[in-house]
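Data block for target.txt (compact mmCIF, C-alpha atoms):
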```txt
# COMPACT_ATOMS: atom_id res chain seq x y z
CA MET A 16 180.88 309.21 157.34
CA CYS A 17 178.99 305.94 157.90
CA TRP A 18 175.69 307.79 157.44
CA LEU A 19 176.84 309.15 154.07
CA ARG A 20 178.02 305.69 152.95
CA LEU A 21 174.63 304.20 153.96
CA CYS A 22 172.80 306.87 151.95
CA VAL A 23 174.94 306.23 148.87
CA TRP A 24 174.38 302.46 149.04
CA SER A 25 170.66 302.88 149.65
CA GLY A 26 170.40 305.21 146.65
CA MET A 27 172.27 302.75 144.44
CA ALA A 28 170.01 299.87 145.54
CA LEU A 29 166.89 301.90 144.79
CA GLY A 30 168.27 302.86 141.37
CA ILE A 31 169.05 299.27 140.46
CA GLY A 32 165.61 298.18 141.68
CA ALA A 33 163.95 300.86 139.54
CA LEU A 34 165.92 299.80 136.46
CA ALA A 35 164.99 296.17 137.02
CA GLY A 36 161.32 297.15 137.20
CA CYS A 37 161.59 298.84 133.79
CA SER A 38 162.44 295.68 131.88
CA SER A 39 159.82 294.46 129.43
CA ALA A 40 159.80 290.97 130.94
CA GLY A 41 159.06 292.18 134.50
CA PRO A 42 156.18 290.71 136.50
CA SER A 43 154.46 294.11 136.83
CA LYS A 44 152.77 293.79 133.43
CA VAL A 45 149.07 293.19 133.77
CA VAL A 46 147.28 290.84 131.43
CA PRO A 47 144.54 292.70 129.49
CA ASP A 48 141.91 290.12 130.44
CA LYS A 49 141.84 291.63 133.94
CA SER A 50 139.94 294.65 132.67
CA VAL A 51 136.17 294.88 133.04
CA PRO A 52 133.73 297.08 131.09
CA VAL A 53 133.06 300.48 132.66
CA THR A 54 130.49 302.85 131.18
CA GLY A 55 128.21 305.60 132.39
CA VAL A 56 126.56 308.94 131.77
CA VAL A 57 127.73 312.38 132.86
CA ASN A 58 125.13 315.10 133.41
CA LEU A 59 125.67 318.82 133.95
CA ASP A 60 122.79 320.41 135.84
CA GLY A 61 120.60 317.44 134.93
CA LYS A 62 121.39 317.49 131.19
CA PRO A 63 123.78 315.19 129.29
CA LEU A 64 127.30 316.62 129.11
CA GLY A 65 129.12 316.00 125.84
CA ASN A 66 132.82 316.44 125.14
CA ALA A 67 133.90 315.71 128.73
CA ARG A 68 136.99 313.73 129.68
CA VAL A 69 136.17 311.17 132.38
CA THR A 70 139.28 309.88 134.15
CA PHE A 71 139.50 307.11 136.75
CA TYR A 72 142.71 307.27 138.86
CA PRO A 73 143.55 304.04 140.72
CA GLN A 74 143.53 304.25 144.51
CA GLU A 75 143.30 300.57 145.48
CA VAL A 76 143.54 298.30 142.46
CA GLU A 77 145.58 295.37 141.27
CA GLN A 78 149.29 296.02 140.83
CA GLY A 79 150.21 297.31 137.41
CA SER A 80 146.83 298.75 136.51
CA GLY A 81 146.75 302.39 135.65
CA VAL A 82 144.57 305.33 134.77
CA ALA A 83 141.48 304.64 132.69
CA SER A 84 139.71 307.35 130.70
CA GLY A 85 137.15 308.10 128.05
CA PHE A 86 135.19 310.96 126.48
CA THR A 87 131.48 311.55 126.62
CA ASP A 88 129.40 311.71 123.45
CA SER A 89 126.55 314.18 122.87
CA ALA A 90 124.27 312.02 125.08
CA GLY A 91 126.78 312.20 127.96
CA LYS A 92 127.73 308.52 127.58
CA TYR A 93 131.31 307.33 128.07
CA GLU A 94 133.23 304.06 127.92
CA LEU A 95 136.59 303.75 129.67
CA GLN A 96 139.78 302.55 128.03
CA SER A 97 143.02 301.58 129.77
CA LEU A 98 146.59 300.84 128.84
CA PHE A 99 147.92 297.51 130.08
CA GLY A 100 151.58 297.42 129.18
CA ASP A 101 151.54 298.43 125.54
CA LYS A 102 147.97 297.26 124.86
CA LYS A 103 144.91 299.52 124.81
CA VAL A 104 141.87 297.70 126.15
CA ILE A 105 138.24 298.55 126.81
CA GLY A 106 137.45 298.95 130.51
CA ALA A 107 139.43 299.23 133.73
CA ALA A 108 140.83 296.90 136.37
CA PRO A 109 138.55 296.20 139.34
CA GLY A 110 139.23 298.40 142.35
CA LYS A 111 138.71 301.80 143.97
CA TYR A 112 139.20 304.94 141.89
CA LYS A 113 139.25 308.69 142.30
CA VAL A 114 137.32 310.23 139.37
CA THR A 115 137.69 313.58 137.61
CA ILE A 116 135.50 315.07 134.91
CA SER A 117 136.87 317.88 132.78
CA VAL A 118 135.68 320.03 129.90
CA MET A 119 138.16 322.52 128.51
CA VAL A 120 136.65 325.54 126.71
CA ARG A 121 138.24 328.20 124.54
CA PRO A 122 138.03 331.89 125.49
CA ASP A 123 134.87 332.22 123.33
CA GLY A 124 133.18 329.43 125.36
CA SER A 125 133.36 326.77 122.64
CA PRO A 126 134.63 323.36 123.78
CA LEU A 127 138.15 322.29 122.92
CA PRO A 128 137.65 319.07 120.91
CA PRO A 129 138.88 315.90 122.65
CA ASP A 130 141.03 315.00 119.66
CA SER A 131 142.67 318.44 119.50
CA GLN A 132 146.44 318.24 119.10
CA GLU A 133 146.80 321.78 120.42
CA PRO A 134 147.75 321.96 124.11
CA PRO A 135 144.97 323.73 126.08
CA ILE A 136 147.39 326.36 127.37
CA ASN A 137 148.31 327.39 123.80
CA SER A 138 144.67 327.95 122.87
CA GLY A 139 143.83 329.93 126.00
CA ALA A 140 141.46 327.14 127.03
CA ARG A 141 140.25 326.93 130.62
CA GLU A 142 138.38 324.41 132.74
CA SER A 143 134.59 324.79 132.77
CA ILE A 144 133.67 322.16 135.40
CA ALA A 145 133.64 322.92 139.14
CA ILE A 146 136.96 322.22 140.86
CA GLU A 147 135.37 319.66 143.21
CA HIS A 148 134.78 317.49 140.14
CA SER A 149 137.66 318.40 137.81
CA ALA A 150 140.78 318.72 139.98
CA PHE A 151 142.59 315.53 141.00
CA ASP A 152 143.46 316.81 144.46
CA ARG A 153 139.96 318.23 145.17
CA THR A 154 137.53 315.86 143.47
CA ASP A 155 134.65 314.45 145.47
CA LEU A 156 133.91 311.83 142.81
CA SER A 157 134.86 308.19 143.23
CA ALA A 158 133.99 304.74 141.94
CA ASN A 159 134.45 301.22 143.24
CA VAL A 160 134.71 299.08 140.11
CA SER A 161 133.51 295.54 140.79
CA SER A 162 135.00 292.39 139.28
CA THR A 163 132.22 292.44 136.67
CA GLY A 164 132.50 296.15 135.80
CA GLY A 165 129.43 298.32 135.71
CA THR A 166 127.76 301.63 135.00
CA TYR A 167 128.94 304.70 136.92
CA ASN A 168 126.90 307.87 136.41
CA PHE A 169 127.99 311.31 137.59
CA ASP A 170 126.28 314.68 138.03
CA VAL A 171 128.60 317.69 137.91
CA LYS A 172 128.34 321.47 138.20
CA LYS A 173 129.83 324.30 136.16
CA LEU A 174 132.75 326.30 137.45
CA GLN A 175 131.38 329.43 139.11
```
Turn the structure described in the file into structure tokens.
Amino acid sequence: MCWLRLCVWSGMALGIGALAGCSSAGPSKVVPDKSVPVTGVVNLDGKPLGNARVTFYPQEVEQGSGVASGFTDSAGKYELQSLFGDKKVIGAAPGKYKVTISVMVRPDGSPLPPDSQEPPINSGARESIAIEHSAFDRTDLSANVSSTGGTYNFDVKKLQ
């Protein structure tokens, strides 16, 4: 019985702590000036890759920072953007990131536009980049963003 009571109290304490962390005045909000510019070029088989989503997932960064992402243009260039609280800012927080690069294509091979409102699954779209670059749990891509930002270039392969 004591074990059950301990579990109930622990669960209540965790729930209250989670609710407290959700308040808008909490200390976990990061000030947008902590972001640094992050840009780069993505190549596929040595040629610029357009229409790719580049996503940086935080591994070891300042508390409160989150995912940063951007899309490549026709020259393969990207610029990351992040959300800090409710503000969208250019760049990412300094720290270590796991990186994925993804290009969704329709059944006919044409790319799904980045601004498409249609969910990829509804259009029959599929990933066209090799899993070791596009899947969060399998990616071999990473970046260590310095306190001044920088340029991070990536070379990827097509899905076989």
Practice item. Between A:Pro129, A:Gly81, A:Pro109, A:Gly91, single out the one closest to Ser161 in chain A, counting only C-alpha atoms. Key: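 That would be A:Pro109, the residue with the smallest distance to Ser161 in chain A.
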Check your understanding: Could you pull the residues within 8 Å of Gly55 in chain A, counting only C-alpha atoms, minus those fewer than 6 positions along the same chain, as a list of chain:residue names?
Key ->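 Near Gly55 in chain A, the qualifying residues are A:Lys92, A:Tyr93, A:Glu94, A:Thr166, A:Tyr167, A:Asn168, A:Phe169.
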Quick one: everything within 9 Å of Pro63 in chain A, counting all atoms listed in the file, minus sequence neighbours fewer than 5 positions away in the same chain. Send it as a PDB file with C-alpha atoms, in the coordinates of the input.
```pdb
ATOM      1  CA  VAL A  56     126.560 308.940 131.770  1.00  0.00           C
ATOM      2  CA  VAL A  57     127.730 312.380 132.860  1.00  0.00           C
ATOM      3  CA  ASN A  58     125.130 315.100 133.410  1.00  0.00           C
ATOM      4  CA  THR A  87     131.480 311.550 126.620  1.00  0.00           C
ATOM      5  CA  ASP A  88     129.400 311.710 123.450  1.00  0.00           C
ATOM      6  CA  SER A  89     126.550 314.180 122.870  1.00  0.00           C
ATOM      7  CA  ALA A  90     124.270 312.020 125.080  1.00  0.00           C
ATOM      8  CA  GLY A  91     126.780 312.200 127.960  1.00  0.00           C
ATOM      9  CA  LYS A  92     127.730 308.520 127.580  1.00  0.00           C
TER      10      LYS A  92
END
```
Point to revise | Atomic distance CA of Lys113 in chain A - CA of Asn137 in chain A, expressed in Å with one decimal | key: 27.8 Å
Review point. Hey, can you check how far CA of Ala83 in chain A sits from CA of Thr54 in chain A?
Key: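 Between CA of Ala83 in chain A and CA of Thr54 in chain A the gap works out to 11.2 Å.
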**Study point:** Selected residue, from A:Ser149, A:Thr154, A:Asn66, A:Thr163, that lies nearest to Val120 in chain A when counting all atoms listed in the file
**Key:**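 Smallest separation from Val120 in chain A among the options: A:Asn66.
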